[in-house]
Amino acid sequence: FGEWEDRVLKASVKDLQRSYFLGALALWHSYGLWLAACVDIAVGLVLLVRWYVGWLRYSMASCASNSSPFAAACSLHFFATFFRSFLLIALVSELARFCFWLARDAWRDDAFEAYRRTLLGQARAEIELGALYAVGWSAVVLKGPTRWLDALIQICIYVSFDVMPFLCGVVEYSAADATPGSAAVAMFQALG
């Protein structure tokens with residue numbers, strides 16, 4: 001037991017990264033982020049179709065003839081729908097790109113490092129250089145009180161990605177008529 005305790009207490013981040021558990025955890029995080037990106041894209045597509053069906057319904061009811069007094073309103077309605085669609089596509093593509101960025105960040109030695117550094121205001125060098133992981137953590141974060149804020153952010157990430165889906169699966173499994181399959185489904189639903 002003493003040998004195992006020494007191995008655990010003296011493990012570095014590099015040693016942990018080579019473990020199968022953290023590899024499976026990174027795969028789980030990547031799956032969750034891929035799922036979030038797919039849901040965002042699907043919701044965006046549903047909204048686009050809904051908006052254009054609404055515009056088509058409006059234009060068929062109000063803009064039947066070219067001499068209609070509503071011709072300007074029909075054109076404005078089309079361009080408003082078009083502009084709203086453009087903004088939605090820009091938002092959904094940024095969310096999908098952000099999910100890809102986080103999934104890539106999940107596989108690093110220090111998982112979600114770039115995201116945490118951005119939240120703590122330490123990503124200025126990366127933004128100026130246009131490349132992630134250009135510099136390491138600053139001494140202000142490593143030795144100062146910001147370290148505790150980083151730990152809190154890390155706890156929030158792992159609780160939302162790992163603990164909550166697991167708890168949802170356990171709660172579902174403990175229900176009277178639950179099966180292991182329904183518990184697994186509850187875990188994946190909580191992740192998505």
# chains A, B, ... in the order shown; residues from 1 in each chain; ligands from 1
>>> residues_around(residues="A:Glu94", least_positions_apart="5", cutoff="12 Å", atoms="only C-alpha atoms", output="ChimeraX atom specification")
/A:37,40-41,44,87-89,99-101
>>> write_last_selection(atoms="N, CA, C and O atoms", output="CSV table (one decimal), in the first residue's frame")
chain,number,residue,atom,x,y,z
A,37,ALA,N,-21.9,20.9,-29.7
A,37,ALA,CA,-21.9,21.6,-31.0
A,37,ALA,C,-23.0,21.1,-31.9
A,37,ALA,O,-23.6,21.9,-32.6
A,40,ASP,N,-26.2,22.7,-30.8
A,40,ASP,CA,-26.3,24.1,-31.3
A,40,ASP,C,-26.6,24.2,-32.7
A,40,ASP,O,-27.4,25.0,-33.1
A,41,ILE,N,-25.9,23.4,-33.6
A,41,ILE,CA,-26.2,23.4,-35.0
A,41,ILE,C,-27.6,23.0,-35.3
A,41,ILE,O,-28.3,23.7,-36.2
A,44,GLY,N,-29.9,25.8,-34.4
A,44,GLY,CA,-29.8,26.9,-35.4
A,44,GLY,C,-30.5,26.6,-36.7
A,44,GLY,O,-31.2,27.4,-37.2
A,87,LEU,N,-27.0,36.7,-38.6
A,87,LEU,CA,-26.5,36.8,-37.2
A,87,LEU,C,-26.6,35.5,-36.5
A,87,LEU,O,-25.6,35.1,-35.7
A,88,LEU,N,-27.6,34.7,-36.7
A,88,LEU,CA,-27.7,33.4,-36.1
A,88,LEU,C,-26.6,32.4,-36.6
A,88,LEU,O,-26.0,31.7,-35.8
A,89,ILE,N,-26.4,32.5,-37.9
A,89,ILE,CA,-25.3,31.6,-38.5
A,89,ILE,C,-24.0,32.0,-37.9
A,89,ILE,O,-23.2,31.1,-37.6
A,99,CYS,N,-16.7,25.1,-29.2
A,99,CYS,CA,-16.7,23.7,-28.7
A,99,CYS,C,-15.5,22.9,-29.2
A,99,CYS,O,-15.0,22.1,-28.5
A,100,PHE,N,-15.1,23.1,-30.5
A,100,PHE,CA,-14.0,22.4,-31.0
A,100,PHE,C,-12.7,22.9,-30.2
A,100,PHE,O,-11.9,22.0,-29.9
A,101,TRP,N,-12.6,24.1,-29.9
A,101,TRP,CA,-11.5,24.7,-29.2
A,101,TRP,C,-11.4,24.0,-27.8
A,101,TRP,O,-10.3,23.6,-27.3
>>> residues_around(residues="stretch 137-142 of chain A", least_positions_apart="2", cutoff="10 Å", atoms="only C-alpha atoms", output="number ranges by chain")
A: 113-114, 117, 120, 122-123, 133, 135, 144-150
>>> residues_around(residues="A:Trp107", least_positions_apart="3", cutoff="10 Å", atoms="only C-alpha atoms", output="list in words")
Gln17, Leu22, Gly23, Leu25, Ala26, Leu27, His29, Ser30, Leu102, Ala103, Arg104, Asp110, Ala111, Phe112 and Glu113 of chain A
>>> residues_around(residues="stretch 79-84 of chain A", least_positions_apart="5", cutoff="12 Å", atoms="only C-alpha atoms", output="ChimeraX atom specification")
/A:44,47-56,58-59,72-74,89-91
>>> select_by_dssp(residues="stretch 38-188 of chain A", states="alpha helix (DSSP H)", output="PyMOL selection string")
chain A and resi 38-62+71-106+113-119+124-129+139-143+146-158+164-173+180-188
>>> closest_residue(among="A:Gln189, A:Ser62, A:Ser182, A:Ser93", to="A:Met164", atoms="only C-alpha atoms")
A:Gln189
>>> closest_residue(among="A:Arg97, A:Arg108, A:Lys143, A:Arg116", to="A:Leu33", atoms="only C-alpha atoms")
A:Arg97
>>> residues_around(residues="A:Val170", least_positions_apart="5", cutoff="10 Å", atoms="only C-alpha atoms", output="ChimeraX atom specification")
/A:164-165,175,180,183-184,186-187
>>> write_last_selection(atoms="all heavy atoms", output="mmCIF file, in the first residue's frame")
data_model
loop_
_atom_site.group_PDB
_atom_site.id
_atom_site.type_symbol
_atom_site.label_atom_id
_atom_site.label_comp_id
_atom_site.auth_asym_id
_atom_site.auth_seq_id
_atom_site.Cartn_x
_atom_site.Cartn_y
_atom_site.Cartn_z
ATOM 1 N N MET A 164 -22.160 15.820 -12.379
ATOM 2 C CA MET A 164 -23.602 15.929 -12.625
ATOM 3 C C MET A 164 -24.152 14.787 -13.501
ATOM 4 O O MET A 164 -25.167 14.189 -13.153
ATOM 5 C CB MET A 164 -23.944 17.293 -13.231
ATOM 6 C CG MET A 164 -23.747 18.443 -12.274
ATOM 7 S SD MET A 164 -24.680 18.276 -10.737
ATOM 8 C CE MET A 164 -26.323 18.471 -11.329
ATOM 9 N N PRO A 165 -23.518 14.462 -14.635
ATOM 10 C CA PRO A 165 -24.032 13.320 -15.408
ATOM 11 C C PRO A 165 -23.988 12.014 -14.622
ATOM 12 O O PRO A 165 -24.909 11.197 -14.707
ATOM 13 C CB PRO A 165 -23.106 13.259 -16.628
ATOM 14 C CG PRO A 165 -22.602 14.630 -16.783
ATOM 15 C CD PRO A 165 -22.477 15.162 -15.384
ATOM 16 N N ALA A 175 -34.070 4.509 -9.342
ATOM 17 C CA ALA A 175 -35.526 4.534 -9.481
ATOM 18 C C ALA A 175 -36.050 3.093 -9.480
ATOM 19 O O ALA A 175 -35.327 2.137 -9.765
ATOM 20 C CB ALA A 175 -35.927 5.254 -10.757
ATOM 21 N N PRO A 180 -29.935 -0.613 -16.228
ATOM 22 C CA PRO A 180 -28.631 0.026 -16.490
ATOM 23 C C PRO A 180 -28.643 0.867 -17.769
ATOM 24 O O PRO A 180 -27.973 1.892 -17.844
ATOM 25 C CB PRO A 180 -27.673 -1.160 -16.607
ATOM 26 C CG PRO A 180 -28.303 -2.244 -15.812
ATOM 27 C CD PRO A 180 -29.793 -2.046 -15.985
ATOM 28 N N ALA A 183 -30.113 4.232 -17.016
ATOM 29 C CA ALA A 183 -29.160 5.037 -16.257
ATOM 30 C C ALA A 183 -28.109 5.633 -17.187
ATOM 31 O O ALA A 183 -27.724 6.800 -17.043
ATOM 32 C CB ALA A 183 -28.499 4.186 -15.180
ATOM 33 N N ALA A 184 -27.647 4.841 -18.147
ATOM 34 C CA ALA A 184 -26.678 5.358 -19.116
ATOM 35 C C ALA A 184 -27.284 6.471 -19.957
ATOM 36 O O ALA A 184 -26.641 7.480 -20.238
ATOM 37 C CB ALA A 184 -26.168 4.222 -20.008
ATOM 38 N N ALA A 186 -29.645 8.473 -19.021
ATOM 39 C CA ALA A 186 -29.752 9.651 -18.159
ATOM 40 C C ALA A 186 -28.416 10.373 -18.047
ATOM 41 O O ALA A 186 -28.363 11.603 -18.052
ATOM 42 C CB ALA A 186 -30.244 9.255 -16.776
ATOM 43 N N MET A 187 -27.321 9.620 -18.014
ATOM 44 C CA MET A 187 -25.989 10.249 -17.964
ATOM 45 C C MET A 187 -25.725 11.040 -19.241
ATOM 46 O O MET A 187 -25.250 12.169 -19.193
ATOM 47 C CB MET A 187 -24.905 9.190 -17.789
ATOM 48 C CG MET A 187 -24.780 8.665 -16.392
ATOM 49 S SD MET A 187 -23.511 7.390 -16.240
ATOM 50 C CE MET A 187 -22.044 8.285 -16.680
#
